[in-house]
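This report concerns only the one structure given below.
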Amino acid sequence: MKLKSKFMINKKELCCILVNLMTVKLFFTYPRNIVINAGNAAWIQTIYVSLLAVAAYFITIRVYEKAGMKSILDISEEVGKKPLKIIVGLILIIIFTANVTVTMRSFPESVKNTLLPLTPMEVITTMLAAAIAVAAFAGIFSLSRIHSIYIPFAGIILVILLIMLTPYMNIVNIAPLFGKGTYNILLSGLEGLSIFSDILVLFVLIPFCKSFNEVKKGGGYAVIISAVVSCVLVFFYNMIYANPVAQEFIFPVYQMTRLIRIGEFFQRLDAFFEFIWSIAMMLYAGVYLYVICYIFKSVFNLKYTKELIIPFVIIISCISFIPSSIVDLLRSGTILYRISIPFCILLPVGLAVLYRIKGHKNV
Amino acid sequence: MKKKAVKIILLLSLLIQLTGCYDYKEPDEIAYIVAVGVDKGDTQNAYNFTIQFARPSKITGGGGEEGASGEETTGIVNVDAPSLYTAINLANHVVSKKFTLSHTKVIVLSDDLCKESITPMIDSIGRSSDIRPSVYICVANGKAYDYLKAVKPSIEINPVKYYQLILESDYTSYIPVNDAQEIYFNFKNNLKQNVLPLVGASEGTQKEEGQKQGESGGGEGASGGSSGSGQSGSGGDMSTMGQDSSTQGGGQSGGSEASGMESSQKEKNIPENDEGFEYRMKEYIAGNLDIKKQNAGETIGGAVFKKDKMIGQITGIEAEIYNILCGKFNEGYAVMSSSKVPDGVITIRLEQKERPRTDVDIEDEKIIVRTRIYMEGDFISTPQDSVIEEDILSFEEESEKYIKDALMKFLKKTQEEFNSDIIGYGNYAKRVFLTDKSFYEFGWNDKYNTAEFDIDVEFNIRRTGLISKKTEGK
């Protein structure tokens, strides 16, 4: 169902939102996880999963085309009435909450590790929670505009940082070419698809967009840009840190930016990265919080979204404290991503197929 | 009205931000650690840490009349502790300001410690976000405390700058170029064994300083007494901890120190290199220089490691060769011999224009390492009665042979004496294999000493300075 609003998300804004959702995880442990699985061939695995993700996106969007401007919740209601809508809504809420919860804990942990070692975690998390609550209060349209301004700027900073990292690259670091072997790259490597799992948000945001063509193009660009960013980052990580040392760094991209040193005066540029990363992270969590509240509202036919923001941000913040340590967090994060991948890939395409079948029968 | 009140409350709440965050640190409440020395402690699993910290109030004016001399700009705390951070924790009880490692430039490990294992220190370096990846790790030829105590830069006021200029300049080619990040990387990777810069205190100055301290009853702290570095104290407890500024116990005058050096110089018998490359240069090693100077700290040569243990030392000339093989030699002055002037030496400004091109071939367990080295040089001085310029090609060919011989001799030493792949050819050998498993099964480090080297050196003289000599009549 298309919303009646004079502000709609356009192609660029949608693309920027999705790029941020998919790439922000790259700055946490994603490159490390890929290296743990594939060794020096992590970059090959990333190219492989990126190609799969792009293919999966275009297949999904082709199948979904028939549903037009209906969100995933709308088509689940049409396919299976209210019960299916509630089930799908709850699945989405669980997946999104899991995603944002892991990030809500990882980010303060990284800040505490690198910037504010004395500040209690509770304070950092509360500040972050307040920031994302404000972002969610601003609404999806404000968030989409901020994304469209901020993401190109962040992209430029990232490119500059990567250029500065080129002197630290060493081609010998990517040998042996197939790292831990082709089985790890091709089969175990499928869990690398987790970074693209956030594309699921697209199918919730469809009613906020101008047209399906904009959705298709915005989503397509986002998947391609995210694929390129992930391949480039993992390639840089592989070229700079060979296995096994690359398996150790919890925040690989931060670790790389720490290396940058141009002469005597250009040092400690990791602060730039932290700044860019912090804002991207807040926007990421803000979008997720809004989307979770929106799904909850839609599923249970509530009138307002904003009133749900505070309860949900409190719930998310509390859940984020469940892992007792960063080791626990890394473990639970990996498990959650593994569980969520099938849903993220199969849910939209499955529902779209069912919608097509039902539509065909009705005709 | 209600909305206004909410807005005012929100605006007032912003004032909280002005108070700063939990982690604020006033610069005048922080003591910046410039260098850390680590020696073996008296008890097992204990270390003796020497913390050299900057005294910013003395570092003023950038030098000259306003600034203090180098020796006054640092202070030293010596403490026994099981780890670096516990040492800092203890030291924080002695010095009023809070120590931070964020500006630390060098970590000096004693050779005794390195011969056992550097694993605990390396782990701290990799794990800590305080310690920058660009920190330099050196090995002291003797005690780390002695070196840090001996460092008294005479023309550099800022101690950080002193270490930086010594350890990372393009023209100090007699030390291996490595920073903490690379050392950690090599340590974990185990395909390129580490070679760390060797530092030391000149022997003459130590003796002199020891005599002075003996006369005056040592420094302020229990650990201040000469080269005993606190390890002769009661060991392991707080009583061994003492604060000591460089001016205390170490007071010296340039003149008396120079005379002390002269007396010690006579005792030293440093061999001269008789190979064609770096001809007649003395084979110096830190702590054994016969150079007259005020600053007793010396940085030359390298400490060779295999995994986590130090297994040998290399001289300054060998460190230069190591840098050439690793592609980290930027520029420096080198001395060449020539068959045309057997008694003279030719000084050239040597430059490595390209990184070495290395390939490793493995056929039937036979390892062949092929490296191509490209160097360029400019004449700086030639013997008065020689005209090298007229047959520059033969000089180039002869120099290529000398450089190649020096490189081959050094590589043989890495195989026969060290049995340690310090150049990192293992990283190139990886390319022959398709998977990690097959490479690790091959066991590169065990087979390194069977490798054959095929070195191709290209050397060109580019410039002859401001003159180009010609034989009269030609």
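Identifiers in this document derive from the order of the structure tokens: chains are assigned A, B, ..., residues are numbered from 1 separately in each chain, and ligands are numbered from 1 in order of occurrence.
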> Which residues, written as number ranges by chain, have at least one atom at most 12 Å from Glu78 in chain A, with only C-alpha atoms counted and residues fewer than 6 positions away on the same chain left out?
Replying inline: A: 1, 67, 70-72, 84-85, 351-352, 354-359, 362
>> Distance limit 9 Å, atoms considered: only C-alpha atoms. Which chain A residues sit that close to chain B? Return them as a PyMOL selection string.
In response: chain A and resi 39-40+113-120+172-182+241-246+249+258-259+261+268
> Within 8 Å of Ile125 in chain B, counting only C-alpha atoms, which residues qualify if same-chain residues fewer than 4 places away don't, as a ChimeraX atom specification?
Replying inline: /B:121,131,180,184
>> When you count only C-alpha atoms, which of these residues is closest to Lys161 in chain B: B:Thr50, B:Asn194, B:Ser386, B:Thr104?
In response: B:Thr104
Who sits within 8 Å of range 406-416 of chain B, only C-alpha atoms, same chain under 4 positions skipped, as a PDB file with C-alpha atoms, in the first residue's frame:
ATOM      1  CA  GLU B 275      85.320  -7.052   1.642  1.00  0.00           C
ATOM      2  CA  PHE B 277      81.473  -3.438  -0.168  1.00  0.00           C
ATOM      3  CA  GLU B 318      75.106  -6.466   7.988  1.00  0.00           C
ATOM      4  CA  ILE B 321      72.772  -5.459   3.750  1.00  0.00           C
ATOM      5  CA  TYR B 322      69.626  -6.711   5.468  1.00  0.00           C
ATOM      6  CA  LEU B 325      67.659  -7.341   0.730  1.00  0.00           C
ATOM      7  CA  TYR B 402      81.163  -6.687  -4.314  1.00  0.00           C
ATOM      8  CA  SER B 420      66.320 -18.183  10.283  1.00  0.00           C
ATOM      9  CA  ASP B 421      64.535 -16.656   7.290  1.00  0.00           C
ATOM     10  CA  ILE B 422      64.953 -13.047   8.324  1.00  0.00           C
ATOM     11  CA  TYR B 448      65.096 -22.635   4.605  1.00  0.00           C
ATOM     12  CA  ASN B 449      68.708 -23.617   5.193  1.00  0.00           C
ATOM     13  CA  THR B 450      68.651 -25.802   2.074  1.00  0.00           C
ATOM     14  CA  PHE B 453      70.239 -18.160  -3.821  1.00  0.00           C
ATOM     15  CA  ILE B 455      71.190 -12.934  -6.808  1.00  0.00           C
TER      16      ILE B 455
END
>> Could you list, as an NGL selection string, every residue within 8 Å of Ile324 in chain B, counting only C-alpha atoms and ignoring same-chain residues fewer than 5 positions away?
In response: :B and (329 or 352 or 373)
> Near Tyr85 in chain B, counting only C-alpha atoms, which residues have an atom at most 12 Å away, once you skip same-chain residues fewer than 3 positions from it, shown as number ranges by chain?
Replying inline: B: 36, 47, 49, 51, 79-82, 88-92, 99-101, 120-121, 124-125, 127-128, 130-131
